[in-house]
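J.: Before I ask anything, let me first share the structure, which is written out below as structure tokens.
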Amino acid sequence: MPLPFLTADGVSDTDDDDAVLAHVDHDRWRRPYRPGPWRVAISAVLLLLSAFMLLATMIVAFAGAWAGAGVCLLAALSVVGAALRMLQVGVWVSRAGLRRVGFLGSRTLAWSEIVELRTVQQPVRWLGLPRTVQGQALTATVRDGAEPPALLTDHSADFLSRSEAFDRAADMVGAWSEEYRPVAV
């Protein structure tokens with residue numbers, strides 16, 4: 001079963017010529033890089049935890065405590081939802097613009113709103129935790145002057161200890177920006 005949110009640009013490894021390839025359809029939202037090992041590992045641990053929670057749900061249901069089974073089921077489904085959302089977190093691009101997906105919300109910027117994308121050295125959060133370290137971040141400057149949070153950092157769950165992957169992802173987002181951002185006159 002193909003999982004398009006786990007592949008770069010949504011390109012699957014199948015050789016089905018009849019299927020429309022994701023890289024051909026520039027209107028679809030896609031992540032221009034693969035999720036990092038930390039993000040996948042955290043999601044896998046959450047899914048393992050949810051499997052145990054679902055087993056506990058079954059045991060509680062067989063014991064006849066339906067209210068407890070409902071609470072356990074709701075908690076397990078919440079953990080599954082958190083694991084899936086963790087896999088979606090990141091920067092997504094399409095012809096329409098750039099979308100920064102966070103765990104609790106997302107922000108979409110049209111290419112016409114973005115003035116400049118640049119990689120800068122600045123304090124960045126380590127694995128999304130409150131601790132900051134010196135690192136690189138891909139930032140966007142928008143027309144209204146407000147600067148959104150860093151789009152990508154080299155100490156995030158996708159790029160920790162993978163500086164080459166961060167550089168490739170920043171270059172990919174920059175290439176999308178150059179292709180679809182209107183030229184300033």
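In the structure tokens, the first chain shown is A, the next is B, and so on; residue numbers restart at 1 for each chain, and ligands run from 1 in the order shown.
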Which polymer residues have any atom within 7 Å of an atom of A:Ala157, counting only C-alpha atoms, with same-chain residues fewer than 4 positions away left out, as a ChimeraX atom specification?
T.: /A:36,38-39,127
J.: For A:Ala169, please output as a VMD selection string all residues within 8 Å (counting only C-alpha atoms; exclusion window: fewer than 3 positions along the same chain).
T.: chain A and resid 32 to 33 165 to 166 172 to 173
J.: Restricting it to C-alpha atoms, dump the selection as a PDB file, in the first residue's frame.
T.:
ATOM      1  CA  PRO A  32       9.785  18.419  -1.036  1.00  0.00           C
ATOM      2  CA  TYR A  33      11.779  16.157   1.310  1.00  0.00           C
ATOM      3  CA  ALA A 165      19.323  16.752   3.660  1.00  0.00           C
ATOM      4  CA  PHE A 166      18.564  20.198   5.106  1.00  0.00           C
ATOM      5  CA  MET A 172      14.060  22.441  -3.259  1.00  0.00           C
ATOM      6  CA  VAL A 173      11.784  24.956  -1.526  1.00  0.00           C
TER       7      VAL A 173
END
J.: Here is a test: counting only C-alpha atoms, which residue of A:Gly68, A:Pro35, A:Pro123, A:Gly90 is nearest to A:Leu151?
T.: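 Closest residue, counting only C-alpha atoms: A:Gly90.
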J.: Quick one, how far is atom CA of A:Gly174 from atom CA of A:Arg118?
T.: 8.2 Å
J.: Please provide as a list of chain:residue names all residues within 12 Å of A:Ser112, with the sequence filter that same-chain residues fewer than 3 positions apart are discarded (counting only C-alpha atoms).
T.: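 The residues satisfying every condition are A:Arg95, A:Ala96, A:Gly97, A:Leu98, A:Thr108, A:Leu109, A:Val115, A:Glu116, A:Thr141, A:Val142, A:Arg143, A:Asp144, A:Ser177, A:Glu178, A:Glu179, A:Tyr180, A:Arg181, A:Pro182, A:Val183, A:Ala184.
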J.: Can you tell me, as a ChimeraX atom specification, which residues in stretch 31-151 of chain A count as helix (DSSP H, G or I) by DSSP?
T.: /A:37-63,66-88,111-113
J.: What is the atom CA of A:Thr132-atom CA of A:Ala44 distance in Å, reported with one decimal?
T.: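 Taking atom CA of A:Thr132 as the start and atom CA of A:Ala44 as the end point, the length is 25.3 Å.
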J.: Which value, in Å to one decimal, gives the distance between atom CA of A:Ser106 and atom CA of A:Leu73?
T.: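 One can read the atom CA of A:Ser106 to atom CA of A:Leu73 distance as 27.2 Å.
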J.: Which one is closest to A:Ile42: A:His26, A:Gln121, A:Asp158, A:Thr153? Count only C-alpha atoms.
T.: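 Checking each candidate against A:Ile42, we get A:Asp158 as the closest.
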J.: Where does DSSP see strand (DSSP E) in stretch 90-143 of chain A, if you list the residues as a VMD selection string?
T.: chain A and resid 90 to 94 97 to 101 106 to 110 114 to 125 132 to 142
J.: For A:Val93, list every protein, DNA or RNA residue within 7 Å, evaluated using only C-alpha atoms, and leave out those in the same chain fewer than 2 positions away; present the list as a PDB file with N, CA and C atoms, in the first residue's frame.
T.:
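Result written to out32.pdb:
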ATOM      1  N   TRP A  29      -0.525  19.436  -3.041  1.00  0.00           N
ATOM      2  CA  TRP A  29       0.417  19.793  -1.985  1.00  0.00           C
ATOM      3  C   TRP A  29       1.351  18.616  -1.764  1.00  0.00           C
ATOM      4  N   ARG A  30       2.641  18.880  -1.689  1.00  0.00           N
ATOM      5  CA  ARG A  30       3.627  17.822  -1.458  1.00  0.00           C
ATOM      6  C   ARG A  30       4.764  18.360  -0.605  1.00  0.00           C
ATOM      7  N   ARG A  31       5.383  17.459   0.116  1.00  0.00           N
ATOM      8  CA  ARG A  31       6.560  17.807   0.918  1.00  0.00           C
ATOM      9  C   ARG A  31       7.785  17.584   0.033  1.00  0.00           C
ATOM     10  N   VAL A  91       7.031  21.374   5.873  1.00  0.00           N
ATOM     11  CA  VAL A  91       6.747  22.357   4.829  1.00  0.00           C
ATOM     12  C   VAL A  91       6.227  21.619   3.604  1.00  0.00           C
ATOM     13  N   GLY A  97       1.250  27.881  -3.453  1.00  0.00           N
ATOM     14  CA  GLY A  97       2.072  28.544  -2.453  1.00  0.00           C
ATOM     15  C   GLY A  97       2.821  27.578  -1.571  1.00  0.00           C
ATOM     16  N   LEU A  98       3.107  28.052  -0.385  1.00  0.00           N
ATOM     17  CA  LEU A  98       3.902  27.306   0.575  1.00  0.00           C
ATOM     18  C   LEU A  98       3.065  27.144   1.842  1.00  0.00           C
ATOM     19  N   ARG A  99       3.037  25.945   2.396  1.00  0.00           N
ATOM     20  CA  ARG A  99       2.252  25.678   3.599  1.00  0.00           C
ATOM     21  C   ARG A  99       3.176  25.119   4.670  1.00  0.00           C
TER      22      ARG A  99
END
J.: If we count only C-alpha atoms and set the cut-off at 12 Å, which residues sit around A:Gly135, ignoring sequence neighbours fewer than 4 positions away in its own chain? Please answer as a list in words.
T.: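 Here the answer would be Thr119, Val120, Gln121, Gln122, Pro123, Val124, Arg125, Trp126, Leu127, Ala150, Leu152, Thr153, Asp154, His155, Ser156, Phe159, Leu160, Ser161, Ser163 and Phe166 of chain A.
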J.: What lies within 12 Å of A:Phe52 using only C-alpha atoms, ignoring chain neighbours under 5 positions off, as an mmCIF file with C-alpha atoms, in the first residue's frame?
T.:
data_model
loop_
_atom_site.group_PDB
_atom_site.id
_atom_site.type_symbol
_atom_site.label_atom_id
_atom_site.label_comp_id
_atom_site.auth_asym_id
_atom_site.auth_seq_id
_atom_site.Cartn_x
_atom_site.Cartn_y
_atom_site.Cartn_z
ATOM 1 C CA VAL A 45 6.690 4.666 19.132
ATOM 2 C CA LEU A 46 3.317 6.406 19.346
ATOM 3 C CA LEU A 47 1.745 3.768 17.104
ATOM 4 C CA THR A 57 -9.381 -1.500 25.363
ATOM 5 C CA MET A 58 -10.224 -5.016 24.276
ATOM 6 C CA ILE A 59 -9.413 -6.449 27.718
ATOM 7 C CA CYS A 72 -9.481 3.605 26.426
ATOM 8 C CA LEU A 73 -10.625 3.537 22.793
ATOM 9 C CA ALA A 75 -7.356 7.657 24.160
ATOM 10 C CA ALA A 76 -5.915 5.111 21.714
ATOM 11 C CA LEU A 77 -7.483 6.855 18.729
ATOM 12 C CA VAL A 79 -2.597 8.692 20.078
ATOM 13 C CA VAL A 80 -3.030 7.291 16.540
#
